[in-house]
Amino acid sequence: MTTTAPRAGKRRRRGGGVLGNTGLYVAVGIAALLFLIPFYLIVRNALSTDLEITGENWKLLPSFQWGNISELFDDPTVEFGRSMVNSLVVAVLTTAGTLLVCSLAGYGLARIPYRHANKVFYAVLATLMVPTAVTFVPSFVLVSSLGWVDTYRGLIIPGLFSGFTCFLFRQYFLGFPKELEEAARVDGLGYWGAYWRIVVPNSLNFFAAIATITFISAWNSFLWPLVIGQDPSSWTVQIALSSFMTNQTVNFHLIFMATAVSILPLVFVFLFLQRWLVQGIAQTGIKG
């Protein structure tokens with residue numbers, strides 16, 4: 001009798017666990033459905049006419065106006081294909097440059113002995129307290145004086161360094177196992193060799209997470225490309241999107257089609273880096 005009671009209790013707990021898991025799956029499914037509704041509306045409206053988008057008789061499925069795609073890229077007033085290329089170049093180079101510059105700065109602050117390292121670190125943190133609006137005009141004056149308006153240099157170089165990203169790298173490298181770097185120094189590697197051959201290959205998960213955030217931020221940037229990219233040939237995708245809505249007309253189907261096309265690179269980046277992101281989250285949970 002003493003052995004059957006616990007088994008019954010276990011059976012009851014298992015039954016409750018199944019009901020709890022079912023409720024959890026239902027809640028997650030509803031949350032996923034609510035998350036996907038905006039994407040459905042984007043695709044639905046992108047393949048519809050303006051009358052179907054703004055009309056009273058709303059339909060669940062679009063009329064599949066595939067000609068909206070060619071209309072988007074053949075529009076003579078907006079070089080949308082060129083703007084996609086510009087955004088891709090800016091986002092990729094900004095991401096690569098930010099990873100290199102900020103990871104080197106964070107590694108130097110975390111590992112290279114220097115008596116003023118803390119002061120430099122506090123100075124970097126102080127930049128986070130300065131509003132972007134304060135540095136916007138001086139940055140534009142500097143870029144303009146260098147002749148970088150309407151160039152990739154003006155769009156990319158001012159955004160390569162991020163105090164917050166440097167802070168994240170410094171905090172991560174402080175927790176990186178020193179034994180691996182000490183073994184590298186025994187083999188004759190210096191700080192650069194240890195960083196490039198030991199630290200970076202063993203930190204791909206963290207680099208992937210930072211790369212994803214940086215790429216999305218660079219791709220969605222609007223105000224700085226709006227000021228620097230004054231010529232239509234240097235517009236990024238966000239500036240091209242805004243050009244479909246003017247004081248006189250609003251091309252709804254082109255706005256939604258351009259939005260659907262512009263989010264595809266972000267989806268590909270997420271799918272490509274998903275494995276490293278999941279591994280990074282798993283490792284973080286194990287350490288915690």
# chains A, B, ... in the order shown; residues from 1 in each chain; ligands from 1
$ residues_around --residues "Ala240 (chain A)" --least-positions-apart "5" --cutoff "8 Å" --atoms "only C-alpha atoms" --output "PDB file with N, CA and C atoms, in the first residue's frame"
ATOM      1  N   VAL A  78      11.842  56.252 -58.409  1.00  0.00           N
ATOM      2  CA  VAL A  78      12.541  55.657 -57.261  1.00  0.00           C
ATOM      3  C   VAL A  78      13.343  54.455 -57.747  1.00  0.00           C
ATOM      4  N   GLU A  79      14.650  54.510 -57.602  1.00  0.00           N
ATOM      5  CA  GLU A  79      15.502  53.382 -57.971  1.00  0.00           C
ATOM      6  C   GLU A  79      15.558  52.407 -56.795  1.00  0.00           C
ATOM      7  N   PHE A  80      14.500  51.597 -56.665  1.00  0.00           N
ATOM      8  CA  PHE A  80      14.397  50.745 -55.481  1.00  0.00           C
ATOM      9  C   PHE A  80      15.458  49.649 -55.477  1.00  0.00           C
ATOM     10  N   SER A  83      18.566  51.197 -54.250  1.00  0.00           N
ATOM     11  CA  SER A  83      18.489  51.457 -52.811  1.00  0.00           C
ATOM     12  C   SER A  83      18.677  50.174 -52.005  1.00  0.00           C
ATOM     13  N   TRP A 235      20.348  56.750 -52.085  1.00  0.00           N
ATOM     14  CA  TRP A 235      19.317  56.442 -51.102  1.00  0.00           C
ATOM     15  C   TRP A 235      19.443  55.002 -50.614  1.00  0.00           C
TER      16      TRP A 235
END
$ select_by_dssp --residues "region 41-169 of chain A" --states "alpha helix (DSSP H)" --output "number ranges by chain"
A: 41-46, 50-54, 67-74, 80-111, 117-127, 132-145, 152-156, 163-169
$ closest_residue --among "A:Tyr152, A:Tyr40, A:Phe244, A:Phe270" --to "Thr212 (chain A)" --atoms "only C-alpha atoms"
A:Phe270
$ closest_residue --among "A:Trp196, A:Phe268, A:Trp276, A:Phe164" --to "Ile216 (chain A)" --atoms "only C-alpha atoms"
A:Phe268
$ atom_distance --atom1 "CA of Cys102 (chain A)" --atom2 "CA of Gly163 (chain A)"
7.9 Å
$ residues_around --residues "Pro158 (chain A)" --least-positions-apart "5" --cutoff "9 Å" --atoms "only C-alpha atoms" --output "list in words"
Ser139, Val143 and Arg153 of chain A
$ closest_atom_pairs --of "region 154-184 of chain A" --to "region 114-129 of chain A" --cutoff "12 Å" --atoms "only C-alpha atoms" --output "Markdown table"
| residue | atom | partner | partner_atom | distance |
| --- | --- | --- | --- | --- |
| A:Phe161 | CA | A:Val124 | CA | 10.3 |
| A:Ser162 | CA | A:Leu128 | CA | 8.8 |
| A:Gly163 | CA | A:Val124 | CA | 5.6 |
| A:Phe164 | CA | A:Leu128 | CA | 6.9 |
| A:Thr165 | CA | A:Val124 | CA | 10.3 |
| A:Cys166 | CA | A:Val124 | CA | 8.0 |
| A:Phe167 | CA | A:Leu125 | CA | 7.4 |
| A:Leu168 | CA | A:Leu125 | CA | 10.9 |
| A:Phe169 | CA | A:Phe121 | CA | 11.7 |
| A:Arg170 | CA | A:Phe121 | CA | 9.0 |
| A:Gln171 | CA | A:Phe121 | CA | 10.9 |
$ closest_residue --among "A:Asn251, A:Val149, A:Pro177, A:Ser221" --to "Asn202 (chain A)" --atoms "only C-alpha atoms"
A:Pro177
$ residues_around --residues "Ile156 (chain A)" --least-positions-apart "5" --cutoff "8 Å" --atoms "only C-alpha atoms" --output "ChimeraX atom specification"
/A:90,93-94
$ write_last_selection --atoms "N, CA, C and O atoms" --output "mmCIF file, in the first residue's frame"
data_model
loop_
_atom_site.group_PDB
_atom_site.id
_atom_site.type_symbol
_atom_site.label_atom_id
_atom_site.label_comp_id
_atom_site.auth_asym_id
_atom_site.auth_seq_id
_atom_site.Cartn_x
_atom_site.Cartn_y
_atom_site.Cartn_z
ATOM 1 N N VAL A 90 25.861 49.058 -47.072
ATOM 2 C CA VAL A 90 26.027 49.810 -45.821
ATOM 3 C C VAL A 90 25.871 48.896 -44.611
ATOM 4 O O VAL A 90 26.667 48.938 -43.671
ATOM 5 N N LEU A 93 28.963 46.243 -44.421
ATOM 6 C CA LEU A 93 30.226 46.873 -44.043
ATOM 7 C C LEU A 93 30.150 47.475 -42.638
ATOM 8 O O LEU A 93 31.134 47.418 -41.882
ATOM 9 N N THR A 94 29.019 48.043 -42.279
ATOM 10 C CA THR A 94 28.862 48.570 -40.919
ATOM 11 C C THR A 94 28.940 47.456 -39.888
ATOM 12 O O THR A 94 29.581 47.603 -38.839
#
$ closest_residue --among "A:Ser234, A:Asn86, A:Phe272, A:Phe252" --to "Gly55 (chain A)" --atoms "only C-alpha atoms"
A:Phe252
$ closest_residue --among "A:Phe35, A:Phe140, A:Phe206, A:Tyr191" --to "Val227 (chain A)" --atoms "only C-alpha atoms"
A:Phe140
$ closest_residue --among "A:Trp224, A:Leu204, A:Ser87, A:Met257" --to "Arg275 (chain A)" --atoms "only C-alpha atoms"
A:Leu204
$ residues_around --residues "Ser70 (chain A)" --least-positions-apart "3" --cutoff "12 Å" --atoms "only C-alpha atoms" --output "PDB file with C-alpha atoms, in the first residue's frame"
ATOM      1  CA  LEU A  47      -0.387  41.729 -53.771  1.00  0.00           C
ATOM      2  CA  GLN A  65      -1.332  41.361 -58.377  1.00  0.00           C
ATOM      3  CA  TRP A  66       2.115  39.987 -59.255  1.00  0.00           C
ATOM      4  CA  GLY A  67       2.644  42.967 -61.517  1.00  0.00           C
ATOM      5  CA  PHE A  73      11.426  47.959 -59.617  1.00  0.00           C
ATOM      6  CA  ASP A  74      10.466  49.736 -62.863  1.00  0.00           C
ATOM      7  CA  ASP A  75       9.355  52.930 -61.151  1.00  0.00           C
ATOM      8  CA  PRO A  76      11.461  55.693 -62.792  1.00  0.00           C
ATOM      9  CA  PHE A  80      14.397  50.745 -55.481  1.00  0.00           C
ATOM     10  CA  GLY A  81      16.816  48.104 -56.720  1.00  0.00           C
ATOM     11  CA  LEU A 254       3.912  50.013 -53.666  1.00  0.00           C
ATOM     12  CA  MET A 257       5.361  45.647 -51.732  1.00  0.00           C
ATOM     13  CA  ALA A 258       8.529  47.614 -50.955  1.00  0.00           C
ATOM     14  CA  VAL A 261      10.862  43.077 -50.274  1.00  0.00           C
TER      15      VAL A 261
END
$ atom_distance --atom1 "CA of Phe222 (chain A)" --atom2 "CA of Thr236 (chain A)"
8.2 Å
$ atom_distance --atom1 "CA of Ile198 (chain A)" --atom2 "CA of Ile213 (chain A)"
23.6 Å
$ decode --residues "region 147-177 of chain A" --atoms "N, CA and C atoms" --output "PDB file, in the first residue's frame"
ATOM      1  N   GLY A 147      33.913  65.884 -47.613  1.00  0.00           N
ATOM      2  CA  GLY A 147      33.404  65.562 -48.943  1.00  0.00           C
ATOM      3  C   GLY A 147      32.796  64.181 -49.037  1.00  0.00           C
ATOM      4  N   TRP A 148      32.220  63.700 -47.931  1.00  0.00           N
ATOM      5  CA  TRP A 148      31.671  62.344 -47.904  1.00  0.00           C
ATOM      6  C   TRP A 148      30.165  62.303 -48.083  1.00  0.00           C
ATOM      7  N   VAL A 149      29.544  63.415 -48.414  1.00  0.00           N
ATOM      8  CA  VAL A 149      28.110  63.411 -48.671  1.00  0.00           C
ATOM      9  C   VAL A 149      27.836  62.628 -49.957  1.00  0.00           C
ATOM     10  N   ASP A 150      26.762  61.830 -49.940  1.00  0.00           N
ATOM     11  CA  ASP A 150      26.382  60.984 -51.084  1.00  0.00           C
ATOM     12  C   ASP A 150      27.449  59.929 -51.384  1.00  0.00           C
ATOM     13  N   THR A 151      28.149  59.468 -50.367  1.00  0.00           N
ATOM     14  CA  THR A 151      29.148  58.411 -50.542  1.00  0.00           C
ATOM     15  C   THR A 151      28.943  57.335 -49.489  1.00  0.00           C
ATOM     16  N   TYR A 152      29.471  56.143 -49.776  1.00  0.00           N
ATOM     17  CA  TYR A 152      29.424  55.066 -48.795  1.00  0.00           C
ATOM     18  C   TYR A 152      30.235  55.403 -47.548  1.00  0.00           C
ATOM     19  N   ARG A 153      31.306  56.146 -47.722  1.00  0.00           N
ATOM     20  CA  ARG A 153      32.123  56.518 -46.565  1.00  0.00           C
ATOM     21  C   ARG A 153      31.329  57.338 -45.561  1.00  0.00           C
ATOM     22  N   GLY A 154      30.536  58.275 -46.070  1.00  0.00           N
ATOM     23  CA  GLY A 154      29.725  59.084 -45.171  1.00  0.00           C
ATOM     24  C   GLY A 154      28.623  58.302 -44.497  1.00  0.00           C
ATOM     25  N   LEU A 155      28.118  57.268 -45.168  1.00  0.00           N
ATOM     26  CA  LEU A 155      27.063  56.458 -44.584  1.00  0.00           C
ATOM     27  C   LEU A 155      27.585  55.423 -43.594  1.00  0.00           C
ATOM     28  N   ILE A 156      28.823  54.970 -43.765  1.00  0.00           N
ATOM     29  CA  ILE A 156      29.324  53.842 -42.998  1.00  0.00           C
ATOM     30  C   ILE A 156      30.252  54.260 -41.865  1.00  0.00           C
ATOM     31  N   ILE A 157      31.283  55.037 -42.162  1.00  0.00           N
ATOM     32  CA  ILE A 157      32.363  55.295 -41.201  1.00  0.00           C
ATOM     33  C   ILE A 157      31.874  55.941 -39.910  1.00  0.00           C
ATOM     34  N   PRO A 158      30.983  56.941 -39.932  1.00  0.00           N
ATOM     35  CA  PRO A 158      30.561  57.540 -38.656  1.00  0.00           C
ATOM     36  C   PRO A 158      29.851  56.575 -37.712  1.00  0.00           C
ATOM     37  N   GLY A 159      29.328  55.482 -38.222  1.00  0.00           N
ATOM     38  CA  GLY A 159      28.608  54.547 -37.364  1.00  0.00           C
ATOM     39  C   GLY A 159      29.368  53.291 -37.021  1.00  0.00           C
ATOM     40  N   LEU A 160      30.673  53.257 -37.294  1.00  0.00           N
ATOM     41  CA  LEU A 160      31.436  52.034 -37.038  1.00  0.00           C
ATOM     42  C   LEU A 160      31.640  51.768 -35.551  1.00  0.00           C
ATOM     43  N   PHE A 161      31.826  52.827 -34.763  1.00  0.00           N
ATOM     44  CA  PHE A 161      32.090  52.613 -33.337  1.00  0.00           C
ATOM     45  C   PHE A 161      30.817  52.839 -32.535  1.00  0.00           C
ATOM     46  N   SER A 162      30.551  51.915 -31.630  1.00  0.00           N
ATOM     47  CA  SER A 162      29.405  52.012 -30.742  1.00  0.00           C
ATOM     48  C   SER A 162      29.883  51.787 -29.320  1.00  0.00           C
ATOM     49  N   GLY A 163      29.638  52.765 -28.456  1.00  0.00           N
ATOM     50  CA  GLY A 163      30.051  52.628 -27.070  1.00  0.00           C
ATOM     51  C   GLY A 163      29.358  51.470 -26.380  1.00  0.00           C
ATOM     52  N   PHE A 164      28.087  51.257 -26.698  1.00  0.00           N
ATOM     53  CA  PHE A 164      27.358  50.161 -26.068  1.00  0.00           C
ATOM     54  C   PHE A 164      27.883  48.808 -26.524  1.00  0.00           C
ATOM     55  N   THR A 165      28.180  48.675 -27.821  1.00  0.00           N
ATOM     56  CA  THR A 165      28.739  47.418 -28.326  1.00  0.00           C
ATOM     57  C   THR A 165      30.121  47.160 -27.728  1.00  0.00           C
ATOM     58  N   CYS A 166      30.933  48.195 -27.598  1.00  0.00           N
ATOM     59  CA  CYS A 166      32.233  48.067 -26.951  1.00  0.00           C
ATOM     60  C   CYS A 166      32.076  47.603 -25.513  1.00  0.00           C
ATOM     61  N   PHE A 167      31.103  48.152 -24.820  1.00  0.00           N
ATOM     62  CA  PHE A 167      30.819  47.738 -23.441  1.00  0.00           C
ATOM     63  C   PHE A 167      30.434  46.257 -23.381  1.00  0.00           C
ATOM     64  N   LEU A 168      29.579  45.821 -24.298  1.00  0.00           N
ATOM     65  CA  LEU A 168      29.169  44.420 -24.312  1.00  0.00           C
ATOM     66  C   LEU A 168      30.351  43.494 -24.560  1.00  0.00           C
ATOM     67  N   PHE A 169      31.235  43.845 -25.495  1.00  0.00           N
ATOM     68  CA  PHE A 169      32.398  43.013 -25.780  1.00  0.00           C
ATOM     69  C   PHE A 169      33.339  42.983 -24.589  1.00  0.00           C
ATOM     70  N   ARG A 170      33.550  44.116 -23.949  1.00  0.00           N
ATOM     71  CA  ARG A 170      34.445  44.164 -22.796  1.00  0.00           C
ATOM     72  C   ARG A 170      33.924  43.273 -21.672  1.00  0.00           C
ATOM     73  N   GLN A 171      32.630  43.327 -21.409  1.00  0.00           N
ATOM     74  CA  GLN A 171      32.054  42.493 -20.349  1.00  0.00           C
ATOM     75  C   GLN A 171      32.107  41.011 -20.714  1.00  0.00           C
ATOM     76  N   TYR A 172      31.935  40.708 -21.987  1.00  0.00           N
ATOM     77  CA  TYR A 172      32.015  39.306 -22.409  1.00  0.00           C
ATOM     78  C   TYR A 172      33.434  38.765 -22.282  1.00  0.00           C
ATOM     79  N   PHE A 173      34.413  39.550 -22.707  1.00  0.00           N
ATOM     80  CA  PHE A 173      35.798  39.088 -22.655  1.00  0.00           C
ATOM     81  C   PHE A 173      36.307  38.967 -21.224  1.00  0.00           C
ATOM     82  N   LEU A 174      35.725  39.718 -20.303  1.00  0.00           N
ATOM     83  CA  LEU A 174      36.113  39.560 -18.904  1.00  0.00           C
ATOM     84  C   LEU A 174      35.759  38.172 -18.381  1.00  0.00           C
ATOM     85  N   GLY A 175      34.700  37.587 -18.912  1.00  0.00           N
ATOM     86  CA  GLY A 175      34.308  36.244 -18.507  1.00  0.00           C
ATOM     87  C   GLY A 175      34.874  35.143 -19.381  1.00  0.00           C
ATOM     88  N   PHE A 176      35.668  35.492 -20.385  1.00  0.00           N
ATOM     89  CA  PHE A 176      36.269  34.476 -21.252  1.00  0.00           C
ATOM     90  C   PHE A 176      37.381  33.758 -20.487  1.00  0.00           C
ATOM     91  N   PRO A 177      37.481  32.432 -20.612  1.00  0.00           N
ATOM     92  CA  PRO A 177      38.502  31.682 -19.864  1.00  0.00           C
ATOM     93  C   PRO A 177      39.922  32.156 -20.179  1.00  0.00           C
TER      94      PRO A 177
END
